[in-house]
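Asks: Provided herewith: final23.txt, compact mmCIF, C-alpha atoms.
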```
# COMPACT_ATOMS: atom_id res chain seq x y z
CA MET O 1 0.00 0.00 0.00
CA THR O 2 1.40 3.38 -0.99
CA CYS O 3 1.43 6.37 1.31
CA CYS O 4 -1.49 7.80 -0.68
CA GLU O 5 -3.54 4.66 -0.10
CA GLY O 6 -2.51 4.53 3.54
CA TRP O 7 -3.77 8.07 4.12
CA THR O 8 -6.95 7.30 2.16
CA ALA O 9 -7.69 4.29 4.39
CA CYS O 10 -7.05 6.34 7.55
CA ASN O 11 -9.23 9.09 6.13
CA GLY O 12 -12.06 6.65 5.54
CA PHE O 13 -12.01 5.40 9.13
CA SER O 14 -11.97 8.99 10.45
CA LEU O 15 -14.88 9.99 8.22
CA LEU O 16 -16.84 6.93 9.37
CA VAL O 17 -16.44 7.95 13.03
CA LEU O 18 -17.41 11.57 12.26
CA LEU O 19 -20.37 10.40 10.16
CA LEU O 20 -21.79 8.33 13.02
CA LEU O 21 -21.14 11.14 15.50
CA GLY O 22 -22.90 13.70 13.29
CA VAL O 23 -25.99 11.51 12.85
CA THR O 24 -26.12 10.79 16.59
CA LEU O 25 -25.82 14.45 17.57
CA ASN O 26 -28.52 15.49 15.10
CA ALA O 27 -30.83 12.78 16.41
CA ILE O 28 -30.54 13.86 20.07
CA PRO O 29 -32.87 16.92 19.99
CA LEU O 30 -35.31 15.06 17.72
CA ILE O 31 -35.52 12.16 20.19
CA VAL O 32 -35.79 14.50 23.19
CA ASN O 33 -38.65 16.35 21.52
CA LEU O 34 -40.42 13.10 20.67
CA VAL O 35 -40.04 11.79 24.23
CA ASP O 36 -41.14 15.06 25.85
CA GLU O 37 -44.08 15.87 23.58
CA ASP O 38 -45.01 12.46 22.14
CA HIS O 39 -45.24 14.24 18.79
CA SER O 40 -42.48 15.09 16.36
CA PHE O 41 -42.15 18.75 15.44
CA GLN O 42 -44.34 19.93 18.30
CA ASN O 43 -42.50 22.56 20.36
CA PRO O 44 -39.11 21.60 18.93
CA ILE O 45 -35.93 22.75 20.64
CA SER O 46 -35.00 24.69 17.51
CA CYS O 47 -35.68 24.78 13.78
CA PHE O 48 -32.14 23.87 12.88
CA GLU O 49 -32.13 20.19 13.81
CA TRP O 50 -34.92 19.80 11.23
CA TRP O 51 -32.53 21.04 8.56
CA PHE O 52 -30.67 17.76 9.28
CA PRO O 53 -27.12 19.17 9.25
CA GLY O 54 -25.78 16.02 10.91
CA ILE O 55 -27.99 13.42 9.22
CA ILE O 56 -27.76 14.78 5.67
CA GLY O 57 -24.76 17.15 5.61
CA ALA O 58 -22.35 15.29 7.88
CA GLY O 59 -24.01 11.91 7.33
CA LEU O 60 -25.53 10.85 4.01
CA MET O 61 -23.31 13.11 1.91
CA VAL O 62 -20.20 11.58 3.47
CA ILE O 63 -21.13 7.93 2.85
CA PRO O 64 -19.85 7.66 -0.77
CA ALA O 65 -16.37 9.00 0.05
CA THR O 66 -16.21 6.95 3.25
CA THR O 67 -17.08 3.73 1.43
CA MET O 68 -14.53 4.43 -1.30
CA SER O 69 -11.80 5.33 1.18
CA LEU O 70 -12.37 2.28 3.38
CA ALA O 71 -12.00 0.09 0.30
CA ALA O 72 -8.36 1.16 0.20
CA ARG O 73 -7.71 -0.95 3.29
CA LYS O 74 -8.18 -4.06 1.18
CA ARG O 75 -6.72 -2.39 -1.89
CA ALA O 76 -9.94 -3.11 -3.70
CA CYS O 77 -10.48 0.12 -5.59
CA CYS O 78 -7.97 2.78 -4.56
CA ASN O 79 -4.92 0.94 -5.87
CA ASN O 80 -4.93 2.68 -9.25
CA LYS O 81 -5.08 6.17 -10.65
CA THR O 82 -8.75 5.89 -11.54
CA GLY O 83 -9.62 4.84 -8.00
CA MET O 84 -7.64 7.70 -6.47
CA PHE O 85 -9.29 10.18 -8.83
CA LEU O 86 -12.75 8.83 -8.01
CA SER O 87 -11.97 9.05 -4.30
CA SER O 88 -11.06 12.72 -4.73
CA LEU O 89 -14.20 13.36 -6.74
CA LEU O 90 -16.46 11.78 -4.09
CA ASN O 91 -14.79 13.88 -1.41
CA VAL O 92 -16.08 17.00 -3.16
CA ILE O 93 -19.53 15.85 -2.01
CA THR O 94 -18.10 15.38 1.49
CA VAL O 95 -16.78 18.95 1.49
CA ILE O 96 -20.18 20.32 0.38
CA GLY O 97 -21.97 18.32 3.08
CA ALA O 98 -19.47 19.36 5.76
CA ALA O 99 -19.79 23.02 4.72
CA TYR O 100 -23.59 22.74 4.99
CA CYS O 101 -23.31 21.20 8.47
CA LEU O 102 -20.86 23.90 9.52
CA LEU O 103 -23.01 26.81 8.25
CA VAL O 104 -26.20 25.50 9.87
CA SER O 105 -24.36 24.94 13.16
CA VAL O 106 -22.92 28.47 13.19
CA GLN O 107 -26.36 29.95 12.55
CA ALA O 108 -27.93 27.72 15.21
CA LEU O 109 -25.35 28.75 17.82
CA SER O 110 -25.81 32.40 16.90
CA GLU O 111 -29.61 32.38 17.23
CA GLY O 112 -30.08 29.92 20.08
CA PRO O 113 -33.08 27.65 20.72
CA LEU O 114 -36.64 28.70 19.93
CA ILE O 115 -37.45 29.22 23.60
CA CYS O 116 -34.98 32.14 23.62
CA ASN O 117 -36.83 33.91 20.82
CA SER O 118 -39.61 36.38 21.49
CA GLN O 119 -42.13 34.04 19.86
CA GLY O 120 -41.06 31.16 22.06
CA ASN O 121 -41.29 27.54 20.98
CA SER O 122 -43.29 28.26 17.86
CA THR O 123 -42.70 26.59 14.53
CA SER O 124 -44.03 29.72 12.81
CA THR O 125 -40.46 31.03 12.73
CA CYS O 126 -39.17 27.89 11.01
CA GLU O 127 -38.61 28.31 7.30
CA PHE O 128 -36.80 25.37 5.78
CA SER O 129 -35.19 26.86 2.69
CA PHE O 130 -31.69 27.30 1.38
CA ASN O 131 -32.51 30.98 0.87
CA ASN O 132 -32.59 31.33 4.65
CA LEU O 133 -29.10 29.89 4.93
CA THR O 134 -27.52 31.78 2.04
CA ALA O 135 -29.15 35.05 3.03
CA TYR O 136 -27.70 34.80 6.54
CA ARG O 137 -25.81 37.94 7.47
CA PRO O 138 -23.37 37.24 10.29
CA GLU O 139 -23.74 39.70 13.13
CA PRO O 140 -21.29 40.02 16.02
CA PHE O 141 -21.21 36.38 17.14
CA ASN O 142 -22.06 35.85 20.80
CA LEU O 143 -23.58 33.22 23.03
CA GLN O 144 -25.44 35.54 25.38
CA TRP O 145 -28.51 33.33 25.13
CA PHE O 146 -26.48 30.54 26.77
CA PHE O 147 -24.34 32.43 29.29
CA ASN O 148 -27.01 34.81 30.62
CA ASP O 149 -29.03 33.71 33.64
CA SER O 150 -32.09 33.53 31.41
CA CYS O 151 -32.68 34.05 27.72
CA VAL O 152 -36.45 34.44 28.04
CA SER O 153 -37.71 38.01 28.09
CA PRO O 154 -39.70 39.14 31.15
CA THR O 155 -42.90 39.25 29.09
CA ASP O 156 -42.58 35.53 28.48
CA PHE O 157 -42.20 34.53 32.12
CA ASN O 158 -45.83 33.48 32.33
CA THR O 159 -45.62 31.24 29.29
CA HIS O 160 -42.31 29.48 29.91
CA ALA O 161 -40.79 27.75 32.88
CA VAL O 162 -37.53 29.54 33.54
CA SER O 163 -34.79 28.85 35.97
CA ASP O 164 -34.95 30.04 39.58
CA PRO O 165 -32.39 32.54 40.79
CA GLY O 166 -31.35 29.94 43.36
CA ALA O 167 -30.53 27.45 40.65
CA TRP O 168 -27.51 29.52 39.75
CA GLY O 169 -25.86 29.07 43.11
CA GLY O 170 -26.04 32.67 44.31
CA GLY O 171 -24.50 34.25 41.24
CA ARG O 172 -22.28 31.34 40.24
CA TYR O 173 -22.92 30.13 36.70
CA THR O 174 -24.26 26.58 36.86
CA LEU O 175 -26.78 25.16 34.42
CA HIS O 176 -29.15 22.41 35.54
CA PHE O 177 -31.93 20.48 33.83
CA ASN O 178 -34.38 22.04 36.31
CA SER O 179 -36.53 23.80 33.72
CA THR O 180 -37.56 23.57 30.11
CA GLU O 181 -35.51 26.65 29.27
CA ASN O 182 -32.28 25.30 30.77
CA ARG O 183 -32.79 21.88 29.22
CA HIS O 184 -33.32 23.35 25.76
CA ARG O 185 -30.35 25.68 26.08
CA ILE O 186 -27.95 22.93 27.18
CA ILE O 187 -29.09 20.46 24.51
CA HIS O 188 -29.02 23.10 21.76
CA PHE O 189 -25.55 24.35 22.70
CA SER O 190 -24.04 20.87 23.11
CA VAL O 191 -25.53 19.47 19.89
CA PHE O 192 -24.60 22.31 17.57
CA LEU O 193 -21.17 22.87 19.08
CA GLY O 194 -20.53 19.18 18.45
CA LEU O 195 -21.88 19.43 14.89
CA LEU O 196 -19.72 22.50 14.28
CA LEU O 197 -16.61 20.52 15.24
CA VAL O 198 -17.76 17.55 13.14
CA GLY O 199 -18.29 19.83 10.15
CA ILE O 200 -14.85 21.42 10.52
CA LEU O 201 -13.08 18.05 10.81
CA GLU O 202 -14.97 16.53 7.88
CA LEU O 203 -14.13 19.59 5.81
CA LEU O 204 -10.43 19.20 6.60
CA PHE O 205 -10.42 15.44 5.92
CA GLY O 206 -12.34 15.94 2.68
CA LEU O 207 -9.98 18.64 1.40
CA SER O 208 -6.92 16.59 2.37
CA GLN O 209 -8.27 13.57 0.52
CA ILE O 210 -8.92 15.64 -2.60
CA ILE O 211 -5.28 16.78 -2.53
CA ILE O 212 -3.94 13.29 -1.78
CA GLY O 213 -6.07 11.77 -4.53
CA PHE O 214 -4.80 14.15 -7.17
CA LEU O 215 -1.24 13.65 -5.96
CA GLY O 216 -1.76 9.91 -6.27
CA CYS O 217 -2.87 10.39 -9.86
CA LEU O 218 -0.04 12.74 -10.79
CA CYS O 219 2.69 10.78 -9.03
CA GLY O 220 1.49 7.38 -10.19
CA GLY O 221 0.31 6.32 -6.75
CA VAL O 222 -0.38 2.76 -7.76
CA SER O 223 0.48 -0.03 -5.38
CA LYS O 224 1.92 -3.06 -7.07
CA ARG O 225 0.52 -6.32 -5.89
CA ARG O 226 3.14 -8.53 -4.41
CA GLY O 227 2.20 -12.11 -3.79
CA ARG O 228 -1.27 -13.35 -3.19
CA ILE O 229 -3.82 -10.85 -1.85
CA VAL O 230 -6.25 -12.27 0.62
```
Translate the structure described by the file into structure tokens.

Replies:
Amino acid sequence: MTCCEGWTACNGFSLLVLLLLGVTLNAIPLIVNLVDEDHSFQNPISCFEWWFPGIIGAGLMVIPATTMSLAARKRACCNNKTGMFLSSLLNVITVIGAAYCLLVSVQALSEGPLICNSQGNSTSTCEFSFNNLTAYRPEPFNLQWFFNDSCVSPTDFNTHAVSDPGAWGGGRYTLHFNSTENRHRIIHFSVFLGLLLVGILELLFGLSQIIIGFLGCLCGGVSKRRGRIV
């Protein structure tokens, strides 16, 4: 196995781990919502998990490149120039999916969960379109909705269960699952921070594989079979 094929095989294993992690993270708020409400898409934690950044972007779109890269371990398809080129080509899809996951995660972390919006946990603010994502204008990025004692405005106190002042340990910042607001904030922050990291890593692995694949083509990265291959 050449160094190109060795990196391709390692890349495939890394992408497989990230793929499973992305799908799992995306599924967490969906499962929590289903368990809490007994209905999907009723009072969701946020709109963004329904854009499926982990299931589609970091998951399904990564499968072709992962499958191709893992085949290099047995030298089944990445042991010739055509295989290396195809591996690079499939990783373009990985890069697009990772970029989608990354962009959705950044927007989700910037806006926070629905309970922190003035309209509360209402799906009326959810618009599932690519125009929403591409039209996003980054403002000064902050996580005030997470680090403040409460992200719910005083006018919403009667409609949402918010955390008690005592839950913060007399001014010390400690989040607990003692209210719907805290639970949604913790889950939203943890999930999309994880998906942001997954998207960044998949983007780096995808770009590296594109470069390695083209180098394998240009440098004749073909492993010669020696002896019998099991």

Asks: May I ask which of the residues O:Cys151, O:Leu207, O:Val35, O:Leu60 is the closest one to Thr8 (chain O), counting all atoms listed in the file?

Replies: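 Once distances to Thr8 (chain O) are computed over all atoms listed in the file, the minimum belongs to O:Leu207.
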
Asks: In terms of the shortest atom-to-atom distance over only C-alpha atoms, which of O:Thr24, O:Pro53, O:Leu15, O:Lys81 is closest to Leu218 (chain O)?

Replies: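 Answer, going by the shortest atom-to-atom distance: O:Lys81.
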
Asks: How many Å lie between CA of Ala72 (chain O) and CA of Ala9 (chain O), rounded to one decimal?

Replies: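 CA of Ala72 (chain O) sits 5.3 Å away from CA of Ala9 (chain O).
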
Asks: To one decimal in Å, tell me the separation between CA of Glu111 (chain O) and CA of Pro44 (chain O).

Replies: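 One can read the CA of Glu111 (chain O) to CA of Pro44 (chain O) distance as 14.5 Å.
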
Asks: Using only C-alpha atoms, pick whichever of O:Val92, O:Ala108, O:Leu70, O:Ile186 has the shortest atom-to-atom distance to Asn11 (chain O).

Replies: O:Leu70

Asks: Choose the residue, out of O:Leu34, O:Leu204, O:Leu143, O:Ile115, that has the smallest atom-to-atom separation from Ser179 (chain O); count only C-alpha atoms.

Replies: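 Checking each of O:Leu34, O:Leu204, O:Leu143, O:Ile115 against Ser179 (chain O), counting only C-alpha atoms, the winner is O:Ile115.
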
Asks: If we draw a sphere of 12 Å around (-11.2, 17.5, 2.7), which residues have at least one atom in it when counting only C-alpha atoms? Please report them as a PyMOL selection string.

Replies: chain O and resi 8+11-12+14-15+62+65-66+87-99+199-213

Asks: Go through O:Ile45, O:Cys101, O:Ala27, O:Leu19 one by one, measure the shortest atom-to-atom distance of each to Pro64 (chain O) using all atoms listed in the file, and give the residue with the smallest value.

Replies: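 Result for the nearest residue to Pro64 (chain O): O:Leu19.
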
Asks: Might you pull out every residue within 12 Å of Ile187 (chain O), with all atoms listed in the file counted and same-chain residues fewer than 5 positions away left off, and present them as a list in words?

Replies: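 The neighbour list is Leu25, Asn26, Ala27, Ile28, Pro29, Leu30, Ile31, Val32, Asn33, Pro44, Ile45, Ser46, Glu49, Ala108, Leu109, Gly112, Pro113, Phe146, Leu175, His176, Phe177, Thr180, Glu181, Asn182, Phe192, Leu193 and Gly194 of chain O.
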
Asks: What's the separation between CA of Tyr100 (chain O) and CA of Gly57 (chain O), in Å to one decimal place?

Replies: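 That distance, rounded to one decimal, is 5.7 Å.
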
Asks: In terms of the shortest atom-to-atom distance over only C-alpha atoms, which of O:Val191, O:Cys116, O:Cys217, O:Ala71 is closest to Gly54 (chain O)?

Replies: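 Of the candidates, the smallest distance to Gly54 (chain O) is held by O:Val191.
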
Asks: Would it be fine to have region 193-221 of chain O, with N, CA, C and O atoms, given as a compact mmCIF listing (two decimals), in the first residue's frame?

Replies:
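Final output, saved to selection-v1.txt:
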```
# COMPACT_ATOMS: atom_id res chain seq x y z
N LEU O 193 -22.62 22.73 18.93
CA LEU O 193 -21.17 22.87 19.08
C LEU O 193 -20.49 21.61 18.59
O LEU O 193 -19.46 21.66 17.90
N GLY O 194 -21.07 20.45 18.94
CA GLY O 194 -20.53 19.18 18.45
C GLY O 194 -20.60 19.07 16.93
O GLY O 194 -19.65 18.65 16.28
N LEU O 195 -21.73 19.48 16.34
CA LEU O 195 -21.88 19.43 14.89
C LEU O 195 -20.94 20.42 14.19
O LEU O 195 -20.46 20.14 13.09
N LEU O 196 -20.68 21.54 14.84
CA LEU O 196 -19.72 22.50 14.28
C LEU O 196 -18.33 21.87 14.18
O LEU O 196 -17.64 21.98 13.15
N LEU O 197 -17.91 21.18 15.24
CA LEU O 197 -16.61 20.52 15.24
C LEU O 197 -16.57 19.38 14.22
O LEU O 197 -15.58 19.19 13.51
N VAL O 198 -17.68 18.63 14.13
CA VAL O 198 -17.76 17.55 13.14
C VAL O 198 -17.63 18.11 11.72
O VAL O 198 -16.90 17.58 10.88
N GLY O 199 -18.34 19.21 11.46
CA GLY O 199 -18.29 19.83 10.15
C GLY O 199 -16.89 20.31 9.79
O GLY O 199 -16.42 20.12 8.66
N ILE O 200 -16.21 20.93 10.76
CA ILE O 200 -14.85 21.42 10.52
C ILE O 200 -13.90 20.26 10.21
O ILE O 200 -13.11 20.32 9.25
N LEU O 201 -13.98 19.20 11.01
CA LEU O 201 -13.08 18.05 10.81
C LEU O 201 -13.36 17.34 9.48
O LEU O 201 -12.44 16.97 8.75
N GLU O 202 -14.64 17.16 9.16
CA GLU O 202 -14.97 16.53 7.88
C GLU O 202 -14.50 17.38 6.71
O GLU O 202 -14.05 16.86 5.68
N LEU O 203 -14.61 18.69 6.85
CA LEU O 203 -14.13 19.59 5.81
C LEU O 203 -12.63 19.43 5.59
O LEU O 203 -12.15 19.34 4.45
N LEU O 204 -11.88 19.36 6.70
CA LEU O 204 -10.43 19.20 6.60
C LEU O 204 -10.05 17.84 6.00
O LEU O 204 -9.17 17.76 5.13
N PHE O 205 -10.72 16.78 6.46
CA PHE O 205 -10.42 15.44 5.92
C PHE O 205 -10.78 15.36 4.44
O PHE O 205 -10.07 14.75 3.64
N GLY O 206 -11.92 15.96 4.08
CA GLY O 206 -12.34 15.94 2.68
C GLY O 206 -11.36 16.67 1.78
O GLY O 206 -10.98 16.17 0.71
N LEU O 207 -10.94 17.86 2.20
CA LEU O 207 -9.98 18.64 1.40
C LEU O 207 -8.65 17.91 1.29
O LEU O 207 -8.02 17.90 0.22
N SER O 208 -8.20 17.31 2.40
CA SER O 208 -6.92 16.59 2.37
C SER O 208 -6.98 15.40 1.42
O SER O 208 -6.03 15.11 0.70
N GLN O 209 -8.15 14.72 1.40
CA GLN O 209 -8.27 13.57 0.52
C GLN O 209 -8.31 13.99 -0.95
O GLN O 209 -7.80 13.28 -1.83
N ILE O 210 -8.91 15.14 -1.23
CA ILE O 210 -8.92 15.64 -2.60
C ILE O 210 -7.48 15.89 -3.08
O ILE O 210 -7.09 15.51 -4.19
N ILE O 211 -6.69 16.50 -2.19
CA ILE O 211 -5.28 16.78 -2.53
C ILE O 211 -4.49 15.48 -2.69
O ILE O 211 -3.75 15.29 -3.67
N ILE O 212 -4.66 14.56 -1.73
CA ILE O 212 -3.94 13.29 -1.78
C ILE O 212 -4.33 12.49 -3.02
O ILE O 212 -3.48 11.86 -3.67
N GLY O 213 -5.62 12.52 -3.36
CA GLY O 213 -6.07 11.77 -4.53
C GLY O 213 -5.45 12.28 -5.81
O GLY O 213 -5.00 11.49 -6.65
N PHE O 214 -5.40 13.58 -5.96
CA PHE O 214 -4.80 14.15 -7.17
C PHE O 214 -3.29 13.91 -7.20
O PHE O 214 -2.70 13.68 -8.26
N LEU O 215 -2.67 13.96 -6.01
CA LEU O 215 -1.24 13.65 -5.96
C LEU O 215 -0.98 12.20 -6.35
O LEU O 215 0.00 11.88 -7.02
N GLY O 216 -1.89 11.32 -5.91
CA GLY O 216 -1.76 9.91 -6.27
C GLY O 216 -1.87 9.70 -7.76
O GLY O 216 -1.19 8.83 -8.34
N CYS O 217 -2.73 10.49 -8.40
CA CYS O 217 -2.87 10.39 -9.86
C CYS O 217 -1.63 10.92 -10.56
O CYS O 217 -1.10 10.30 -11.48
N LEU O 218 -1.18 12.09 -10.12
CA LEU O 218 -0.04 12.74 -10.79
C LEU O 218 1.27 12.00 -10.57
O LEU O 218 2.12 11.92 -11.46
N CYS O 219 1.42 11.44 -9.36
CA CYS O 219 2.69 10.78 -9.03
C CYS O 219 2.65 9.28 -9.29
O CYS O 219 3.55 8.55 -8.88
N GLY O 220 1.59 8.81 -9.90
CA GLY O 220 1.49 7.38 -10.19
C GLY O 220 1.36 6.57 -8.93
O GLY O 220 2.06 5.56 -8.77
N GLY O 221 0.44 7.01 -8.03
CA GLY O 221 0.31 6.32 -6.75
C GLY O 221 -0.40 5.00 -6.88
O GLY O 221 -1.52 4.82 -6.44
```
